[in-house]
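Enquirer: Got a file for you: entry15.txt, compact mmCIF, C-alpha atoms and all ligand atoms.
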# COMPACT_ATOMS: atom_id res chain seq x y z
CA MET A 1 140.97 139.16 150.26
CA ASN A 2 141.69 136.56 152.87
CA GLU A 3 144.52 134.12 151.99
CA GLN A 4 142.17 131.12 152.26
CA ASP A 5 139.91 132.60 149.56
CA CYS A 6 142.49 132.70 146.75
CA VAL A 7 145.22 130.26 145.73
CA ILE A 8 147.74 130.44 142.87
CA THR A 9 149.23 127.14 141.69
CA SER A 10 151.20 125.80 138.75
CA ALA A 11 152.16 122.46 137.21
CA PRO A 12 154.65 121.53 134.48
CA GLY A 13 153.92 120.13 131.04
CA LYS A 14 155.36 116.77 129.98
CA MET A 15 156.81 114.84 127.08
CA ILE A 16 156.28 111.12 126.65
CA ILE A 17 159.54 109.41 125.77
CA LEU A 18 158.02 105.97 125.07
CA GLY A 19 154.65 104.25 125.31
CA GLU A 20 151.84 106.69 124.47
CA HIS A 21 148.59 104.94 123.51
CA SER A 22 149.83 101.50 124.63
CA VAL A 23 149.94 102.91 128.19
CA VAL A 24 146.15 103.43 128.00
CA TYR A 25 145.94 99.60 128.00
CA GLY A 26 148.27 99.22 130.99
CA LYS A 27 151.54 98.78 129.07
CA PRO A 28 154.81 100.29 130.35
CA ALA A 29 155.68 103.88 129.42
CA VAL A 30 158.00 106.71 130.43
CA ALA A 31 157.59 110.51 130.49
CA LEU A 32 159.54 113.53 131.68
CA ALA A 33 158.25 116.84 133.04
CA ILE A 34 159.28 119.93 131.03
CA ASP A 35 160.05 123.50 132.04
CA ARG A 36 156.84 125.02 130.66
CA ARG A 37 154.03 125.45 133.14
CA PHE A 38 150.31 125.98 133.50
CA TYR A 39 149.46 128.66 136.09
CA CYS A 40 146.09 129.28 137.62
CA LYS A 41 144.65 131.63 140.19
CA VAL A 42 141.56 130.16 141.83
CA GLN A 43 139.04 131.83 144.16
CA ARG A 44 135.82 130.67 145.76
CA SER A 45 132.88 132.44 144.12
CA GLN A 46 129.11 132.51 143.65
CA ASP A 47 129.30 131.38 139.98
CA PHE A 48 131.66 129.13 138.04
CA VAL A 49 133.78 131.63 136.04
CA VAL A 50 136.78 130.90 133.79
CA ASN A 51 139.01 133.67 132.43
CA GLY A 52 136.32 136.28 132.93
CA TYR A 53 133.39 134.32 131.44
CA ARG A 54 130.68 132.41 133.26
CA ALA A 55 131.22 128.73 132.35
CA MET A 56 128.60 127.34 129.94
CA ALA A 57 126.81 124.11 130.87
CA GLY A 58 129.08 121.16 130.03
CA SER A 59 132.16 123.32 129.35
CA HIS A 60 135.50 122.88 131.15
CA PRO A 61 135.03 119.17 131.91
CA HIS A 62 138.42 118.83 133.65
CA ILE A 63 137.58 121.52 136.20
CA ARG A 64 134.01 120.25 136.67
CA SER A 65 135.33 116.75 137.42
CA ILE A 66 137.74 118.10 140.05
CA LEU A 67 135.03 120.21 141.72
CA HIS A 68 132.70 117.21 141.74
CA ASP A 69 135.32 114.81 143.19
CA ASN A 70 136.08 117.27 145.99
CA ARG A 71 132.43 118.16 146.67
CA ALA A 72 133.58 121.75 146.19
CA GLY A 73 131.54 124.89 145.53
CA ASN A 74 131.91 127.27 142.60
CA ILE A 75 135.22 128.88 141.72
CA THR A 76 136.60 131.68 139.58
CA VAL A 77 139.67 130.61 137.60
CA SER A 78 142.20 132.81 135.80
CA ALA A 79 144.67 130.71 133.88
CA VAL A 80 147.76 131.31 131.77
CA THR A 81 150.28 128.97 130.23
CA ASP A 82 153.20 128.78 127.83
CA ILE A 83 152.37 125.15 126.93
CA PRO A 84 150.67 125.15 123.51
CA THR A 85 147.15 123.67 123.74
CA SER A 86 146.61 120.18 122.30
CA SER A 87 150.27 119.99 121.31
CA GLY A 88 151.11 116.67 123.00
CA LEU A 89 152.98 118.54 125.74
CA GLY A 90 150.50 118.06 128.57
CA SER A 91 148.55 121.33 128.71
CA SER A 92 145.33 119.64 129.90
CA ALA A 93 147.13 117.42 132.42
CA ALA A 94 149.01 120.44 133.83
CA LEU A 95 145.70 122.32 134.00
CA SER A 96 144.11 119.41 135.88
CA SER A 97 146.98 119.05 138.38
CA SER A 98 147.20 122.76 139.12
CA ILE A 99 143.42 123.14 139.51
CA ALA A 100 143.27 120.03 141.73
CA LEU A 101 145.90 121.46 144.08
CA ALA A 102 144.15 124.85 144.19
CA VAL A 103 140.69 123.35 144.81
CA ARG A 104 142.02 121.01 147.49
CA ARG A 105 143.67 123.93 149.29
CA LEU A 106 140.65 126.22 148.98
CA PHE A 107 138.19 123.60 150.22
CA GLU A 108 140.58 122.19 152.83
CA ARG A 109 140.98 118.70 151.41
CA ASP A 110 144.00 116.40 151.57
CA VAL A 111 146.85 117.91 149.47
CA THR A 112 149.14 114.91 148.97
CA GLU A 113 150.64 114.39 145.50
CA GLU A 114 148.76 111.11 145.28
CA ALA A 115 145.37 112.75 145.94
CA ILE A 116 146.10 115.45 143.33
CA ALA A 117 147.30 112.84 140.79
CA ASN A 118 144.05 110.90 141.32
CA ASP A 119 141.84 113.99 140.85
CA ALA A 120 143.77 115.00 137.74
CA PHE A 121 143.59 111.50 136.26
CA ASN A 122 139.82 111.28 136.89
CA ALA A 123 139.47 114.66 135.18
CA GLU A 124 141.34 113.44 132.08
CA TRP A 125 139.26 110.26 132.02
CA PHE A 126 136.05 112.25 132.30
CA ALA A 127 137.09 114.74 129.59
CA GLN A 128 138.79 112.28 127.20
CA GLY A 129 136.50 109.29 127.58
CA ARG A 130 139.48 107.05 128.33
CA ALA A 131 142.99 107.87 129.56
CA SER A 132 146.05 106.60 131.36
CA PRO A 133 147.60 108.40 134.34
CA ILE A 134 150.98 109.02 132.64
CA ASP A 135 150.37 112.68 131.78
CA THR A 136 148.68 113.66 135.02
CA SER A 137 151.15 111.76 137.22
CA THR A 138 154.11 113.41 135.46
CA CYS A 139 152.59 116.89 135.69
CA THR A 140 151.80 116.31 139.37
CA HIS A 141 155.11 114.75 140.41
CA GLY A 142 157.57 116.47 138.03
CA ARG A 143 160.93 114.77 137.30
CA GLY A 144 160.58 111.49 135.38
CA VAL A 145 157.77 109.00 135.72
CA ALA A 146 157.57 105.37 134.59
CA ILE A 147 154.41 103.29 134.37
CA ASN A 148 154.30 99.56 135.07
CA ASN A 149 158.05 99.30 135.10
CA PRO A 150 159.13 95.94 136.54
CA VAL A 151 162.79 97.05 136.58
CA ASP A 152 163.64 98.10 140.12
CA MET A 153 164.63 101.56 139.06
CA GLY A 154 162.86 104.18 141.12
CA LYS A 155 160.66 104.94 144.10
CA ALA A 156 157.07 103.66 143.91
CA LEU A 157 154.70 106.65 143.90
CA TRP A 158 151.10 105.40 143.59
CA LYS A 159 148.90 102.86 141.93
CA ILE A 160 145.77 103.77 139.95
CA SER A 161 143.16 101.32 138.62
CA LYS A 162 140.26 102.07 136.29
CA GLY A 163 138.42 100.47 133.38
CA GLY A 164 140.07 97.07 133.93
CA ASN A 165 143.66 98.39 133.90
CA THR A 166 146.13 99.08 136.68
CA TRP A 167 148.99 101.56 136.43
CA ASN A 168 151.85 101.39 138.95
CA VAL A 169 153.52 104.77 138.87
CA THR A 170 157.20 105.13 139.84
CA ASP A 171 159.60 108.03 139.96
CA ILE A 172 162.70 107.72 137.77
CA ASP A 173 165.87 109.80 137.73
CA VAL A 174 165.81 112.39 134.98
CA PRO A 175 168.31 111.15 132.37
CA ASP A 176 171.17 113.47 131.43
CA MET A 177 170.07 113.68 127.78
CA THR A 178 168.97 116.48 125.42
CA PHE A 179 165.60 116.32 123.71
CA VAL A 180 164.34 118.81 121.13
CA VAL A 181 160.60 119.22 120.57
CA GLY A 182 159.24 119.94 117.10
CA TYR A 183 155.71 121.36 117.07
CA THR A 184 153.65 120.90 113.91
CA GLY A 185 151.23 123.68 114.90
CA ILE A 186 148.38 121.24 114.23
CA TYR A 187 145.75 121.27 116.97
CA ALA A 188 145.24 117.64 117.95
CA PRO A 189 142.89 116.95 120.88
CA THR A 190 143.65 113.65 122.60
CA GLY A 191 140.14 112.20 123.13
CA PRO A 192 139.25 111.46 119.48
CA ILE A 193 142.65 109.87 118.76
CA VAL A 194 142.45 107.65 121.84
CA GLU A 195 138.96 106.63 120.68
CA LYS A 196 140.22 105.88 117.16
CA VAL A 197 142.87 103.52 118.61
CA ARG A 198 140.25 101.86 120.83
CA LYS A 199 138.06 101.13 117.80
CA PHE A 200 141.02 99.84 115.78
CA LYS A 201 142.00 97.54 118.66
CA GLU A 202 138.44 96.28 119.04
CA ARG A 203 138.12 95.40 115.35
CA ASN A 204 141.60 94.19 114.55
CA GLY A 205 143.89 91.71 116.35
CA PHE A 206 146.83 93.31 114.57
CA ALA A 207 146.34 96.53 116.57
CA LYS A 208 146.59 94.53 119.78
CA ASP A 209 149.91 93.03 118.59
CA ILE A 210 151.27 96.52 117.88
CA ILE A 211 150.22 97.70 121.34
CA ASP A 212 151.89 94.66 122.95
CA GLU A 213 155.09 95.36 121.03
CA MET A 214 155.06 99.01 122.06
CA GLY A 215 154.86 97.83 125.68
CA LEU A 216 157.85 95.53 125.19
CA ILE A 217 160.05 98.16 123.60
CA ALA A 218 159.13 100.68 126.31
CA LEU A 219 160.71 98.23 128.78
CA LEU A 220 163.85 98.02 126.64
CA GLY A 221 163.88 101.83 126.55
CA LEU A 222 163.62 102.08 130.33
CA ASN A 223 166.64 99.81 130.55
CA ALA A 224 168.52 102.00 128.07
CA ILE A 225 167.68 105.09 130.18
CA ARG A 226 168.98 103.33 133.27
CA ARG A 227 172.25 102.54 131.47
CA GLY A 228 172.43 106.06 130.00
CA ASP A 229 172.63 104.43 126.56
CA LYS A 230 171.51 107.15 124.12
CA GLU A 231 172.11 105.06 121.00
CA ASP A 232 169.91 102.26 122.21
CA LEU A 233 167.21 104.61 123.50
CA GLY A 234 167.19 106.61 120.25
CA GLU A 235 166.79 103.47 118.16
CA ILE A 236 163.91 102.33 120.37
CA MET A 237 162.23 105.75 120.09
CA THR A 238 162.37 105.56 116.29
CA ARG A 239 160.92 102.02 116.41
CA ASN A 240 158.16 103.32 118.66
CA HIS A 241 157.38 106.03 116.11
CA LYS A 242 157.06 103.42 113.34
CA LEU A 243 154.66 101.38 115.46
CA LEU A 244 152.62 104.50 116.28
CA SER A 245 152.46 105.27 112.53
CA ILE A 246 151.16 101.76 111.83
CA LEU A 247 148.60 102.31 114.57
CA GLY A 248 147.38 105.30 112.56
CA VAL A 249 148.18 108.12 114.99
CA SER A 250 150.96 109.88 113.09
CA CYS A 251 150.45 112.26 110.17
CA LYS A 252 152.56 113.45 107.26
CA GLU A 253 153.70 116.61 109.08
CA LEU A 254 154.92 114.60 112.08
CA ASN A 255 156.65 112.06 109.82
CA LYS A 256 158.35 114.90 107.97
CA LEU A 257 159.75 116.38 111.21
CA VAL A 258 160.83 112.97 112.51
CA ASN A 259 162.64 112.13 109.24
CA ALA A 260 164.27 115.57 109.08
CA SER A 261 165.60 115.19 112.64
CA LEU A 262 167.00 111.68 112.28
CA PRO A 263 170.32 112.60 110.55
CA HIS A 264 171.18 114.76 113.59
CA SER A 265 169.78 112.60 116.37
CA TYR A 266 169.92 109.20 118.04
CA GLY A 267 166.22 108.77 117.38
CA ALA A 268 162.94 110.63 117.04
CA LYS A 269 159.22 110.02 117.46
CA LEU A 270 155.89 111.72 117.89
CA THR A 271 155.08 112.52 121.51
CA GLY A 272 151.62 112.51 123.12
CA SER A 273 148.53 111.47 121.25
CA GLY A 274 149.76 112.34 117.71
CA GLY A 275 147.53 113.30 114.78
CA GLY A 276 149.42 116.64 114.84
CA GLY A 277 150.89 118.15 117.98
CA SER A 278 154.59 117.47 118.53
CA MET A 279 157.53 115.14 118.01
CA ILE A 280 160.75 114.81 120.01
CA ALA A 281 164.31 113.99 119.02
CA LEU A 282 167.08 112.72 121.30
CA THR A 283 170.22 114.50 120.19
CA ASP A 284 173.67 115.89 120.94
CA GLU A 285 173.20 118.45 118.16
CA PRO A 286 170.17 120.48 119.29
CA GLU A 287 170.88 123.42 116.94
CA ALA A 288 171.04 121.16 113.88
CA VAL A 289 167.76 119.48 114.89
CA CYS A 290 166.09 122.87 115.49
CA GLU A 291 167.18 124.02 112.04
CA ALA A 292 165.96 120.80 110.37
CA ILE A 293 162.57 121.19 112.11
CA ARG A 294 162.32 124.83 111.00
CA LEU A 295 163.25 123.96 107.41
CA HIS A 296 160.50 121.34 107.32
CA GLY A 297 157.71 123.60 108.50
CA GLY A 298 157.77 122.90 112.24
CA THR A 299 158.48 125.09 115.25
CA PRO A 300 161.34 123.90 117.44
CA ILE A 301 160.58 124.32 121.12
CA VAL A 302 163.60 124.18 123.33
CA VAL A 303 162.54 122.39 126.48
CA HIS A 304 164.50 121.38 129.53
CA THR A 305 163.50 118.74 131.97
CA GLU A 306 161.76 119.99 135.10
CA THR A 307 162.25 118.59 138.54
CA GLU A 308 159.35 120.36 140.25
CA GLY A 309 155.82 119.09 139.97
CA VAL A 310 152.62 120.85 141.02
CA ARG A 311 153.17 123.64 143.53
CA VAL A 312 151.72 126.74 145.16
CA GLU A 313 152.94 130.04 143.67
CA ASN A 314 153.08 133.56 145.09
CA ASN A 315 151.96 135.14 141.85
CA VAL A 316 151.38 134.47 138.16
CA PRO A 317 154.53 135.27 136.08
CA ASN A 318 154.61 138.10 133.50
CA ASN A 319 151.40 139.45 135.09
CA GLY A 320 149.58 136.74 133.19
CA THR A 321 150.57 138.01 129.75
CA PHE A 322 151.11 134.57 128.21
CA PRO A 323 148.42 133.61 125.72
CA LEU A 324 145.41 132.39 127.66
CA GLU A 325 144.87 128.69 127.10
CA LEU A 326 141.93 126.74 128.44
C1 LIG B 401 148.53 111.53 125.57
O1 LIG B 401 149.51 112.47 126.01
C2 LIG B 401 148.97 110.14 125.92
C3 LIG B 401 147.99 109.03 125.50
O2 LIG B 401 148.63 107.80 125.81
C4 LIG B 401 146.67 109.15 126.24
C5 LIG B 401 146.78 108.83 127.72
O3 LIG B 401 147.72 108.16 128.15
O4 LIG B 401 145.87 109.24 128.45
C6 LIG B 401 147.71 109.07 124.01
As structure tokens, how would this structure be written, given the file I've shared?
Expert:
Amino acid sequence: MNEQDCVITSAPGKMIILGEHSVVYGKPAVALAIDRRFYCKVQRSQDFVVNGYRAMAGSHPHIRSILHDNRAGNITVSAVTDIPTSSGLGSSAALSSSIALAVRRLFERDVTEEAIANDAFNAEWFAQGRASPIDTSTCTHGRGVAINNPVDMGKALWKISKGGNTWNVTDIDVPDMTFVVGYTGIYAPTGPIVEKVRKFKERNGFAKDIIDEMGLIALLGLNAIRRGDKEDLGEIMTRNHKLLSILGVSCKELNKLVNASLPHSYGAKLTGSGGGGSMIALTDEPEAVCEAIRLHGGTPIVVHTETEGVRVENNVPNNGTFPLEL
């Protein structure tokens, strides 16, 4: 096969440190890329095929959106990942970024990070109904990403506007801090939870106040990251979790893992859309937090921050023996 006909790419997952849900309404937020990746091998083909099966009409909305935006032909995709699906750790954003890079290379489109971040964001919007670019920008760029951060802290990356909101995306230095992820094992797709928050906000002024407050504390958290102040950041993360609970996006399993982690951490909160999925704890005692998570029915996932965003690969690791996730 000719090199132009087949491309292998990958993109990292992410964890949101502060500001999920409020970021959908243009409030500040911060996320870090993690060292779990989504890999895909993409070839031009006659039919649209995903992991050996011809795609059904309306299936794989993220990939369809990317093909449409790039006026691309059909592709065959083989994908593997070690990011659990719908876990709050960015599996769909990493899928979107890696497919966008592959499609852009195959069909000879612009391959700047900004173009890929835009494709991936449009894909999330199309699939979710409403979205912010925090997940897709982090999975595309890697490192740390802040949204609408007025503190002059990092390099401006790109600006994305849609649905009446504007998100200014900046790079931030990855803080020298340890986070432990606790996975509830509960499958929690983002779209319905984002929709639930939208309805709550539409009906109830109180929801808008909570969202405004989450935006304010995200700014305080960004300042704490800049100062390297773990105590302050941890306290803000726990406050953010309480606000997310009031907003109705936590669940008893997440609350249990957050409460179990707190005695061994600076702070803890759900990460991503909630409703299941994962929580994170900021800690200097990762083993104690892992044990507390295990004892309370969760799965600790040891993650490290990742500096590399979306990239071209020579091959898929482990011969593609990770569980297939699409
Ligand atoms: C999901 O990882 C983060 C949300 O804020 C949705 C989004 O920003 O698109 C819940």
Enquirer: Show me which residues are within 8 Å of ligand LIG 401 (chain B) counting all atoms listed in the file, and format the list as a PyMOL selection string.
Expert: chain A and resi 15-16+19-24+88-90+124-125+128+130-135+190-191+193-194+271-274
Enquirer: Closest to Arg311 of chain A among A:Gly142, A:Gly221, A:Gly129, A:Pro192, using only C-alpha atoms?
Expert: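 Selected residue with least distance to Arg311 of chain A: A:Gly142.
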Enquirer: When you look at Ile8 of chain A with a cut-off of 12 Å (counting only C-alpha atoms), what residues show up, excluding the ones that are within fewer than 6 positions of it in the same chain? I need them as a ChimeraX atom specification.
Expert: /A:38-43,76-80,98-106,310-317,320
Enquirer: Which residues are near Arg294 of chain A? Cut-off 12 Å, all atoms listed in the file, ignore same chain within fewer than 2 positions. Put them as a PyMOL selection string.
Expert: chain A and resi 180-185+256-257+260-261+287-292+296-301
Enquirer: Which one is closest to Arg239 of chain A: A:His60, A:Arg71, A:Arg36, A:Lys269? Count all atoms listed in the file.
Expert: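 With all atoms listed in the file as the atom set, the closest residue is A:Lys269.
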Enquirer: For Ser92 of chain A, which residue among A:Gly52, A:Pro12, A:Gly228, A:Gly309 is the nearest when counting only C-alpha atoms?
Expert: A:Pro12
Enquirer: What gap, in Å, lies between atom CA of Glu113 of chain A and atom CA of Thr140 of chain A?
Expert: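 Calculated distance between atom CA of Glu113 of chain A and atom CA of Thr140 of chain A is 6.5 Å.
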